[in-house]
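Student: My file is data01.cif. It has mmCIF, C-alpha atoms and all ligand atoms:
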data_run
#
loop_
_atom_site.group_PDB
_atom_site.id
_atom_site.type_symbol
_atom_site.label_atom_id
_atom_site.label_comp_id
_atom_site.auth_asym_id
_atom_site.auth_seq_id
_atom_site.Cartn_x
_atom_site.Cartn_y
_atom_site.Cartn_z
ATOM 1 C CA MET A 229 118.588 86.674 133.419
ATOM 2 C CA SER A 230 116.605 89.453 135.024
ATOM 3 C CA ILE A 231 117.417 93.069 134.208
ATOM 4 C CA GLY A 232 114.706 94.728 136.158
ATOM 5 C CA MET A 233 112.645 92.499 138.384
ATOM 6 C CA SER A 234 113.825 90.850 141.547
ATOM 7 C CA GLN A 235 113.199 87.112 141.937
ATOM 8 C CA GLN A 236 110.258 87.907 144.229
ATOM 9 C CA GLN A 237 108.772 90.323 141.688
ATOM 10 C CA LYS A 238 109.147 87.713 138.966
ATOM 11 C CA ALA A 239 107.372 85.147 141.087
ATOM 12 C CA ASP A 240 104.560 87.599 141.876
ATOM 13 C CA PHE A 241 104.239 88.616 138.228
ATOM 14 C CA ASP A 242 103.903 84.970 137.213
ATOM 15 C CA GLU A 243 101.663 83.825 140.056
ATOM 16 C CA LYS A 244 99.507 86.861 140.905
ATOM 17 C CA GLY A 245 99.904 88.567 137.534
ATOM 18 C CA PHE A 246 101.088 91.930 138.817
ATOM 19 C CA ILE A 247 103.684 93.729 140.884
ATOM 20 C CA VAL A 248 103.167 96.947 142.831
ATOM 21 C CA LEU A 249 105.826 99.656 142.950
ATOM 22 C CA GLU A 250 104.966 102.127 145.705
ATOM 23 C CA ASP A 251 106.393 105.662 145.338
ATOM 24 C CA PHE A 252 107.566 104.922 141.820
ATOM 25 C CA LEU A 253 107.198 108.448 140.452
ATOM 26 C CA THR A 254 109.186 111.314 141.944
ATOM 27 C CA LYS A 255 107.288 114.318 143.275
ATOM 28 C CA GLU A 256 108.425 116.310 140.228
ATOM 29 C CA GLU A 257 107.254 113.627 137.802
ATOM 30 C CA LEU A 258 103.921 113.371 139.559
ATOM 31 C CA ASN A 259 103.371 117.142 139.582
ATOM 32 C CA ARG A 260 104.253 117.362 135.896
ATOM 33 C CA LEU A 261 101.754 114.623 135.067
ATOM 34 C CA LEU A 262 99.028 116.245 137.161
ATOM 35 C CA ALA A 263 99.618 119.598 135.455
ATOM 36 C CA ALA A 264 99.467 117.813 132.077
ATOM 37 C CA ILE A 265 96.133 116.255 133.036
ATOM 38 C CA ASP A 266 94.748 119.691 133.922
ATOM 39 C CA GLU A 267 95.822 121.034 130.515
ATOM 40 C CA VAL A 268 94.420 118.084 128.613
ATOM 41 C CA ALA A 269 91.195 118.177 130.650
ATOM 42 C CA GLU A 270 90.622 121.774 129.523
ATOM 43 C CA GLU A 271 91.046 120.750 125.883
ATOM 44 C CA VAL A 272 88.809 117.701 126.202
ATOM 45 C CA ARG A 273 86.047 119.684 127.920
ATOM 46 C CA GLU A 274 86.145 122.277 125.204
ATOM 47 C CA VAL A 275 86.030 119.755 122.348
ATOM 48 C CA GLN A 276 83.422 117.496 123.936
ATOM 49 C CA GLY A 277 81.383 120.189 125.672
ATOM 50 C CA LEU A 278 81.885 118.593 129.096
ATOM 51 C CA GLY A 279 81.534 120.183 132.514
ATOM 52 C CA PRO A 280 84.145 119.959 135.310
ATOM 53 C CA ASP A 281 82.288 117.066 136.983
ATOM 54 C CA ASP A 282 82.029 114.916 133.886
ATOM 55 C CA PRO A 283 84.251 111.843 133.561
ATOM 56 C CA PHE A 284 86.271 111.275 130.398
ATOM 57 C CA ALA A 285 88.952 109.002 129.005
ATOM 58 C CA VAL A 286 91.643 109.775 126.457
ATOM 59 C CA ARG A 287 93.351 107.147 124.323
ATOM 60 C CA ASN A 288 96.660 107.625 122.554
ATOM 61 C CA ALA A 289 97.283 110.053 125.396
ATOM 62 C CA LEU A 290 100.982 110.074 124.481
ATOM 63 C CA SER A 291 100.106 112.334 121.545
ATOM 64 C CA ARG A 292 98.404 114.872 123.842
ATOM 65 C CA HIS A 293 101.281 115.846 126.112
ATOM 66 C CA GLU A 294 105.041 115.367 126.404
ATOM 67 C CA ALA A 295 104.609 114.298 130.051
ATOM 68 C CA PHE A 296 102.503 111.320 128.932
ATOM 69 C CA LEU A 297 104.906 110.529 126.088
ATOM 70 C CA ASP A 298 107.819 110.433 128.521
ATOM 71 C CA LEU A 299 106.180 107.562 130.403
ATOM 72 C CA ILE A 300 106.512 105.115 127.519
ATOM 73 C CA ASP A 301 110.298 104.798 127.857
ATOM 74 C CA HIS A 302 110.664 105.996 131.424
ATOM 75 C CA PRO A 303 114.220 104.872 132.286
ATOM 76 C CA ARG A 304 113.180 103.165 135.515
ATOM 77 C CA ILE A 305 110.168 101.349 134.081
ATOM 78 C CA LEU A 306 111.699 100.136 130.813
ATOM 79 C CA PRO A 307 113.914 97.469 132.442
ATOM 80 C CA LEU A 308 110.873 96.041 134.212
ATOM 81 C CA VAL A 309 108.798 96.132 131.040
ATOM 82 C CA VAL A 310 111.492 94.363 129.010
ATOM 83 C CA ASP A 311 111.978 91.859 131.778
ATOM 84 C CA ALA A 312 108.256 91.170 131.796
ATOM 85 C CA ILE A 313 107.530 90.863 128.074
ATOM 86 C CA GLY A 314 110.837 91.083 126.191
ATOM 87 C CA TRP A 315 112.275 93.574 123.708
ATOM 88 C CA ASN A 316 110.079 92.866 120.665
ATOM 89 C CA ILE A 317 107.400 95.317 121.735
ATOM 90 C CA GLN A 318 105.532 98.476 120.865
ATOM 91 C CA ILE A 319 102.908 100.601 122.566
ATOM 92 C CA ARG A 320 99.374 99.235 122.274
ATOM 93 C CA THR A 321 97.607 102.002 124.180
ATOM 94 C CA THR A 322 98.203 105.003 126.413
ATOM 95 C CA HIS A 323 95.052 105.567 128.383
ATOM 96 C CA LEU A 324 94.181 108.470 130.664
ATOM 97 C CA ASP A 325 91.133 108.068 132.890
ATOM 98 C CA TYR A 326 89.615 111.072 134.668
ATOM 99 C CA ARG A 327 86.711 110.191 136.938
ATOM 100 C CA PRO A 328 85.297 112.819 139.326
ATOM 101 C CA PRO A 329 83.319 111.744 142.399
ATOM 102 C CA TYR A 330 79.990 110.198 141.494
ATOM 103 C CA PRO A 331 77.023 112.572 141.692
ATOM 104 C CA GLU A 332 74.701 111.599 144.535
ATOM 105 C CA SER A 333 72.041 110.611 142.029
ATOM 106 C CA VAL A 334 74.226 107.834 140.566
ATOM 107 C CA GLN A 335 74.110 104.588 142.504
ATOM 108 C CA PRO A 336 76.758 101.947 141.792
ATOM 109 C CA GLY A 337 75.713 98.366 141.220
ATOM 110 C CA THR A 338 77.355 95.169 142.458
ATOM 111 C CA LEU A 339 81.104 95.464 142.161
ATOM 112 C CA GLY A 340 82.330 94.202 138.792
ATOM 113 C CA VAL A 341 78.942 93.151 137.470
ATOM 114 C CA GLY A 342 77.982 96.335 135.680
ATOM 115 C CA ASP A 343 74.374 96.268 136.822
ATOM 116 C CA GLY A 344 74.241 99.762 138.348
ATOM 117 C CA ALA A 345 73.160 103.234 137.288
ATOM 118 C CA ASP A 346 76.846 104.122 136.926
ATOM 119 C CA GLN A 347 77.149 101.619 134.071
ATOM 120 C CA GLU A 348 73.994 103.016 132.456
ATOM 121 C CA VAL A 349 75.240 106.587 132.468
ATOM 122 C CA GLY A 350 78.498 105.584 130.815
ATOM 123 C CA TYR A 351 81.208 105.041 133.445
ATOM 124 C CA ARG A 352 83.586 102.587 131.830
ATOM 125 C CA ASN A 353 85.290 99.322 132.708
ATOM 126 C CA LEU A 354 83.004 98.627 135.634
ATOM 127 C CA SER A 355 82.625 94.938 134.726
ATOM 128 C CA TRP A 356 85.185 92.294 135.521
ATOM 129 C CA HIS A 357 87.173 91.509 132.379
ATOM 130 C CA PRO A 358 90.571 90.464 131.153
ATOM 131 C CA ASP A 359 91.719 92.548 128.192
ATOM 132 C CA LEU A 360 91.661 90.920 124.736
ATOM 133 C CA ALA A 361 89.053 88.291 125.593
ATOM 134 C CA SER A 362 86.064 89.863 123.863
ATOM 135 C CA ASP A 363 84.399 87.959 121.034
ATOM 136 C CA SER A 364 85.857 90.261 118.422
ATOM 137 C CA LEU A 365 89.419 89.756 119.656
ATOM 138 C CA PHE A 366 90.697 86.413 120.810
ATOM 139 C CA MET A 367 88.163 83.866 119.619
ATOM 140 C CA GLY A 368 90.508 81.084 118.600
ATOM 141 C CA PRO A 369 90.508 77.946 120.647
ATOM 142 C CA SER A 370 93.565 77.791 122.838
ATOM 143 C CA LEU A 371 94.886 74.564 124.266
ATOM 144 C CA ASP A 372 93.548 75.101 127.738
ATOM 145 C CA GLY A 373 90.999 77.921 127.310
ATOM 146 C CA ARG A 374 93.327 80.485 128.821
ATOM 147 C CA LEU A 375 94.438 83.680 127.116
ATOM 148 C CA PRO A 376 97.922 83.539 125.659
ATOM 149 C CA PHE A 377 100.385 86.056 127.060
ATOM 150 C CA MET A 378 100.164 88.951 124.642
ATOM 151 C CA GLU A 379 100.623 92.145 126.557
ATOM 152 C CA ILE A 380 101.251 94.000 129.788
ATOM 153 C CA LYS A 381 100.258 97.402 131.081
ATOM 154 C CA VAL A 382 101.817 99.769 133.542
ATOM 155 C CA PHE A 383 99.170 101.415 135.706
ATOM 156 C CA TYR A 384 100.203 104.816 137.069
ATOM 157 C CA VAL A 385 98.300 106.127 140.087
ATOM 158 C CA LEU A 386 98.232 109.913 139.881
ATOM 159 C CA SER A 387 95.541 110.851 142.413
ATOM 160 C CA ASP A 388 95.056 109.428 145.883
ATOM 161 C CA LEU A 389 93.529 105.963 145.615
ATOM 162 C CA SER A 390 94.601 104.821 149.048
ATOM 163 C CA GLU A 391 91.067 104.861 150.445
ATOM 164 C CA SER A 392 88.454 102.324 149.465
ATOM 165 C CA GLN A 393 85.816 103.303 146.871
ATOM 166 C CA SER A 394 87.848 106.091 145.295
ATOM 167 C CA GLY A 395 87.593 104.598 141.814
ATOM 168 C CA ASN A 396 90.193 101.980 142.684
ATOM 169 C CA LEU A 397 91.352 99.312 140.272
ATOM 170 C CA TRP A 398 90.306 95.857 141.457
ATOM 171 C CA MET A 399 92.068 92.663 140.451
ATOM 172 C CA VAL A 400 91.639 88.954 140.954
ATOM 173 C CA PRO A 401 95.195 87.791 141.694
ATOM 174 C CA GLY A 402 96.157 84.751 139.620
ATOM 175 C CA SER A 403 93.138 84.977 137.314
ATOM 176 C CA HIS A 404 95.366 85.134 134.203
ATOM 177 C CA LEU A 405 95.774 81.414 134.872
ATOM 178 C CA ARG A 406 92.015 80.842 134.555
ATOM 179 C CA SER A 407 89.809 80.748 131.490
ATOM 180 C CA PRO A 408 87.843 83.903 130.596
ATOM 181 C CA ASN A 409 84.934 81.534 129.891
ATOM 182 C CA GLU A 410 84.592 80.998 133.610
ATOM 183 C CA LEU A 411 83.810 84.693 133.991
ATOM 184 C CA ARG A 412 81.418 84.747 131.028
ATOM 185 C CA GLU A 413 79.528 81.722 132.231
ATOM 186 C CA ASN A 414 78.959 82.987 135.750
ATOM 187 C CA GLY A 415 77.626 86.411 134.742
ATOM 188 C CA ARG A 416 80.847 88.200 135.667
ATOM 189 C CA GLN A 417 80.509 87.372 139.329
ATOM 190 C CA VAL A 418 83.690 86.973 141.327
ATOM 191 C CA ASP A 419 83.834 85.508 144.800
ATOM 192 C CA PRO A 420 84.619 88.611 146.936
ATOM 193 C CA SER A 421 87.266 86.646 148.842
ATOM 194 C CA GLN A 422 89.251 86.346 145.588
ATOM 195 C CA ALA A 423 89.086 90.037 144.660
ATOM 196 C CA MET A 424 91.580 92.674 145.718
ATOM 197 C CA GLU A 425 91.045 96.435 145.753
ATOM 198 C CA LEU A 426 94.338 98.171 144.970
ATOM 199 C CA ARG A 427 94.591 100.988 147.496
ATOM 200 C CA LEU A 428 97.539 103.042 146.366
ATOM 201 C CA LYS A 429 98.981 106.465 146.945
ATOM 202 C CA PRO A 430 99.760 108.929 144.159
ATOM 203 C CA GLY A 431 103.023 108.020 142.459
ATOM 204 C CA ALA A 432 102.572 104.240 142.671
ATOM 205 C CA ALA A 433 102.915 102.080 139.562
ATOM 206 C CA VAL A 434 101.691 98.554 138.904
ATOM 207 C CA VAL A 435 103.159 96.312 136.200
ATOM 208 C CA TRP A 436 100.427 93.865 135.310
ATOM 209 C CA ARG A 437 99.393 91.170 132.882
ATOM 210 C CA THR A 438 96.224 92.376 131.217
ATOM 211 C CA ALA A 439 94.861 88.834 131.227
ATOM 212 C CA VAL A 440 94.253 89.334 134.948
ATOM 213 C CA TRP A 441 90.534 89.918 135.596
ATOM 214 C CA HIS A 442 90.066 93.521 136.604
ATOM 215 C CA CYS A 443 87.470 96.248 136.955
ATOM 216 C CA VAL A 444 87.116 99.784 138.244
ATOM 217 C CA GLY A 445 85.203 100.350 141.483
ATOM 218 C CA PRO A 446 82.915 103.336 142.044
ATOM 219 C CA ASN A 447 84.310 106.694 143.009
ATOM 220 C CA LEU A 448 82.372 107.583 146.160
ATOM 221 C CA SER A 449 85.212 109.746 147.501
ATOM 222 C CA ASP A 450 85.447 113.513 147.230
ATOM 223 C CA ARG A 451 88.492 113.346 144.905
ATOM 224 C CA THR A 452 88.772 112.922 141.139
ATOM 225 C CA ARG A 453 90.334 109.646 140.061
ATOM 226 C CA LYS A 454 93.315 110.404 137.775
ATOM 227 C CA ILE A 455 95.230 107.433 136.414
ATOM 228 C CA MET A 456 97.080 106.242 133.320
ATOM 229 C CA HIS A 457 97.676 102.860 131.783
ATOM 230 C CA VAL A 458 100.535 102.373 129.327
ATOM 231 C CA GLY A 459 100.065 99.142 127.378
ATOM 232 C CA TYR A 460 102.914 97.271 125.646
ATOM 233 C CA HIS A 461 102.396 94.341 123.322
ATOM 234 C CA TYR A 462 104.319 92.418 120.667
ATOM 235 C CA ARG A 463 105.238 94.265 117.465
ATOM 236 C CA TRP A 464 103.432 91.686 115.338
ATOM 237 C CA LEU A 465 100.072 92.587 116.865
ATOM 238 C CA ARG A 466 98.052 95.665 115.928
ATOM 239 C CA PRO A 467 97.806 98.518 118.403
ATOM 240 C CA THR A 468 94.413 99.851 119.475
ATOM 241 C CA ASP A 469 95.321 103.517 119.581
ATOM 242 C CA TYR A 470 96.881 104.105 116.173
ATOM 243 C CA ILE A 471 97.608 102.682 112.769
ATOM 244 C CA SER A 472 100.739 104.782 112.610
ATOM 245 C CA GLN A 473 101.769 107.640 114.847
ATOM 246 C CA ASP A 474 102.289 111.219 113.644
ATOM 247 C CA PRO A 475 105.384 111.233 111.344
ATOM 248 C CA ALA A 476 106.637 114.451 112.985
ATOM 249 C CA LEU A 477 106.561 112.736 116.387
ATOM 250 C CA ILE A 478 108.447 109.734 115.034
ATOM 251 C CA GLU A 479 110.990 111.958 113.306
ATOM 252 C CA ARG A 480 111.955 113.739 116.537
ATOM 253 C CA SER A 481 112.049 110.561 118.643
ATOM 254 C CA SER A 482 115.018 108.493 119.816
ATOM 255 C CA PRO A 483 115.497 105.074 118.137
ATOM 256 C CA ILE A 484 113.996 103.225 121.136
ATOM 257 C CA ARG A 485 111.059 105.589 121.228
ATOM 258 C CA LYS A 486 110.561 105.092 117.481
ATOM 259 C CA GLN A 487 110.308 101.346 118.062
ATOM 260 C CA LEU A 488 107.815 101.839 120.880
ATOM 261 C CA LEU A 489 105.774 104.164 118.690
ATOM 262 C CA GLY A 490 105.338 101.312 116.233
ATOM 263 C CA ALA A 491 107.805 102.595 113.640
ATOM 264 C CA LEU A 492 110.903 100.952 112.195
ATOM 265 C CA ALA A 493 113.685 102.822 113.912
ATOM 266 C CA SER A 494 115.937 102.532 110.821
ATOM 267 C CA GLY A 495 113.263 104.090 108.610
ATOM 268 C CA GLY A 496 113.476 101.076 106.262
ATOM 269 C CA ASP A 497 110.710 99.600 104.096
ATOM 270 C CA PRO A 498 108.160 97.905 106.400
ATOM 271 C CA LEU A 499 107.827 95.104 103.833
ATOM 272 C CA GLY A 500 111.549 94.431 103.656
ATOM 273 C CA GLU A 501 114.227 94.874 101.006
ATOM 274 C CA ASP A 502 112.439 92.842 98.326
ATOM 275 C CA SER A 503 108.997 94.280 98.937
ATOM 276 C CA ALA A 504 107.851 93.921 95.300
ATOM 277 C CA LEU A 505 108.436 90.184 94.871
ATOM 278 C CA HIS A 506 108.811 88.887 98.379
ATOM 279 C CA PRO A 507 107.089 91.228 100.806
ATOM 280 C CA SER A 508 107.931 90.296 104.349
ATOM 281 C CA SER A 509 106.710 92.475 107.173
ATOM 282 C CA GLN A 510 109.600 93.656 109.253
ATOM 283 C CA TYR A 511 107.276 93.510 112.225
ATOM 284 C CA TRP A 512 107.412 89.712 111.808
ATOM 285 C CA LEU A 513 110.882 88.530 110.954
ATOM 286 C CA THR A 514 112.884 91.643 111.655
ATOM 287 C CA LYS A 515 116.084 91.431 109.596
ATOM 288 C CA ASN A 516 117.704 94.697 110.589
ATOM 289 C CA ASN A 517 118.525 94.975 114.275
ATOM 290 C CA ASP A 518 118.519 98.768 113.900
ATOM 291 C CA ASP A 519 114.730 98.499 113.542
ATOM 292 C CA VAL A 520 114.492 97.135 117.074
ATOM 293 C CA PRO A 521 117.035 99.000 119.195
ATOM 294 C CA LEU A 522 115.498 97.591 122.367
ATOM 295 C CA ARG A 523 117.078 94.273 121.427
ATOM 296 C CA ALA A 524 120.651 95.576 121.792
ATOM 297 C CA TRP A 525 119.583 97.635 124.805
ATOM 298 C CA ALA A 526 118.316 94.457 126.470
ATOM 299 C CA ALA A 527 121.382 92.435 125.459
ATOM 300 C CA GLN A 528 123.678 95.071 126.990
ATOM 301 C CA ARG A 529 121.786 94.662 130.234
ATOM 302 C CA GLY A 530 122.020 90.892 130.183
ATOM 303 C CA VAL A 531 118.541 89.787 129.224
ATOM 304 C CA GLY A 532 118.637 86.864 126.895
ATOM 305 C CA ARG A 533 116.489 84.710 124.731
ATOM 306 C CA GLU A 534 118.708 85.107 121.737
ATOM 307 C CA GLY A 535 118.837 82.309 119.202
ATOM 308 C CA PHE A 536 115.847 80.425 120.571
ATOM 309 C CA PHE A 537 114.372 80.098 117.118
ATOM 310 C CA THR A 538 116.250 81.485 114.141
ATOM 311 C CA ALA A 539 113.614 81.057 111.448
ATOM 312 C CA LEU A 540 109.935 80.425 111.057
HETATM 313 O O1 LIG A 601 90.515 102.584 134.222
HETATM 314 C C1 LIG A 601 91.092 101.570 134.613
HETATM 315 O O2 LIG A 601 91.906 101.591 135.548
HETATM 316 C C2 LIG A 601 90.859 100.222 133.952
HETATM 317 C C3 LIG A 601 90.845 100.294 132.499
HETATM 318 C C4 LIG A 601 90.448 98.996 131.895
HETATM 319 O O3 LIG A 601 89.857 98.148 132.510
HETATM 320 C C5 LIG A 601 90.795 98.716 130.518
HETATM 321 O O4 LIG A 601 91.214 99.631 129.779
HETATM 322 O O5 LIG A 601 90.665 97.544 130.105
#
As structure tokens - that is how I would like this structure written.
Tutor:
Amino acid sequence: MSIGMSQQQKADFDEKGFIVLEDFLTKEELNRLLAAIDEVAEEVREVQGLGPDDPFAVRNALSRHEAFLDLIDHPRILPLVVDAIGWNIQIRTTHLDYRPPYPESVQPGTLGVGDGADQEVGYRNLSWHPDLASDSLFMGPSLDGRLPFMEIKVFYVLSDLSESQSGNLWMVPGSHLRSPNELRENGRQVDPSQAMELRLKPGAAVVWRTAVWHCVGPNLSDRTRKIMHVGYHYRWLRPTDYISQDPALIERSSPIRKQLLGALASGGDPLGEDSALHPSSQYWLTKNNDDVPLRAWAAQRGVGREGFFTAL
């Protein structure tokens, strides 16, 4: 049973691989996030010796500002997240991207191919890709060559991306149902009729399967691109942004936030009660429901896959 998505949203999430939520953030939330970006930008420039027109990205952004942290369990997004991927999740990444207008000297290449001067000077994610499909990640043969469903992200639009070529996120709707090999073999070319430029106003959010082929278009506007992605994946995978989060942060967090931060909310032994003789990661078969408070949270709201398998 759905706790967050409408039937139409579910169908879109399955078929296209994403759903768009216009005006998701309130004005206050948006302003708080924009102020947080300004603060963090100052710090990043100082540490990295960057100028105001230099692009940068921050990972594990949740550790940089409370406004970013508050996105991970935002009360209106969490039902959609749990509906999309279930309760057995943690944060994989929190990613801030800050991309001022391109200098006139930098010419973009073909969309999504990564053959331009912008790629050479270090603008990121310009090539079409699904996440997790690189050679060092998911190499195993799958039954049909497609990526298994392992994670979702929520994309938050914080600056105006409603005009074309403002550093918009592009997607190929339905491409999570295709094999990443197709993209590799054709030199990352996508038929333009299959590609979609997301033109969204500040405050929009997009819940998306990261197996969807995506790339970032050039920013030829006069505005800085400011966006965040919050990635959620299964607790038995390893996050990109951390091995473990700051203990002080975990200590002051709610049980659900502890789970999302990759901790055991009960504070128990990660290798279980008999860790000396029979270590058993509690990120695999989680014995204590207090370690995963999102499970009860989801059950209270009527989501269910309980008892599907009881043991491995
Ligand atoms: O900056 C973006 O919107 C896209 C980021 C991206 O492609 C990625 O992190 O895989």
Student: Let me make sure I understand: among A:Val434, A:Ile317, A:Leu365, A:Met456, which one has the smallest atom-to-atom distance to ligand LIG 601 (chain A) if we use all atoms listed in the file?
Tutor: A:Met456
Student: As a quick test: using all atoms listed in the file, which residues lie no more than 10 Å away from ligand LIG 601 (chain A)? Give them as a PyMOL selection string.
Tutor: chain A and resi 285+287+321-327+351-360+381+383-385+395-399+438-439+441-445+453-459
Student: Please identify all polymer residues within 12 Å of Asp266 in chain A, counting all atoms listed in the file, omitting same-chain residues fewer than 3 positions from it, and present them as a list in words.
Tutor: Asn259, Arg260, Leu261, Leu262, Ala263, Ala269, Glu270, Glu271, Val272, Arg273, Pro280, Arg292, His293, Ala295, Leu324, Tyr326, Leu386, Thr452 and Lys454 of chain A
Student: Once you have the residues from the selection above, write them out as a PDB file, keeping the file's coordinate frame, restricted to C-alpha atoms.
Tutor:
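Contents of the output file again_2.pdb:
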ATOM      1  CA  ASN A 259     103.371 117.142 139.582  1.00  0.00           C
ATOM      2  CA  ARG A 260     104.253 117.362 135.896  1.00  0.00           C
ATOM      3  CA  LEU A 261     101.754 114.623 135.067  1.00  0.00           C
ATOM      4  CA  LEU A 262      99.028 116.245 137.161  1.00  0.00           C
ATOM      5  CA  ALA A 263      99.618 119.598 135.455  1.00  0.00           C
ATOM      6  CA  ALA A 269      91.195 118.177 130.650  1.00  0.00           C
ATOM      7  CA  GLU A 270      90.622 121.774 129.523  1.00  0.00           C
ATOM      8  CA  GLU A 271      91.046 120.750 125.883  1.00  0.00           C
ATOM      9  CA  VAL A 272      88.809 117.701 126.202  1.00  0.00           C
ATOM     10  CA  ARG A 273      86.047 119.684 127.920  1.00  0.00           C
ATOM     11  CA  PRO A 280      84.145 119.959 135.310  1.00  0.00           C
ATOM     12  CA  ARG A 292      98.404 114.872 123.842  1.00  0.00           C
ATOM     13  CA  HIS A 293     101.281 115.846 126.112  1.00  0.00           C
ATOM     14  CA  ALA A 295     104.609 114.298 130.051  1.00  0.00           C
ATOM     15  CA  LEU A 324      94.181 108.470 130.664  1.00  0.00           C
ATOM     16  CA  TYR A 326      89.615 111.072 134.668  1.00  0.00           C
ATOM     17  CA  LEU A 386      98.232 109.913 139.881  1.00  0.00           C
ATOM     18  CA  THR A 452      88.772 112.922 141.139  1.00  0.00           C
ATOM     19  CA  LYS A 454      93.315 110.404 137.775  1.00  0.00           C
TER      20      LYS A 454
END
Student: Which distance in Å separates CA of Asp363 in chain A and CA of Gly340 in chain A, to one decimal?
Tutor: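 Those two atoms sit 18.9 Å apart.
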Student: At a cut-off of 10 Å, using all atoms listed in the file, what residues contact Leu488 in chain A? Leave out same-chain residues fewer than 6 positions from it and give the result as a ChimeraX atom specification.
Tutor: /A:300-301,315-320,460-461,463,478,481-482,520-522
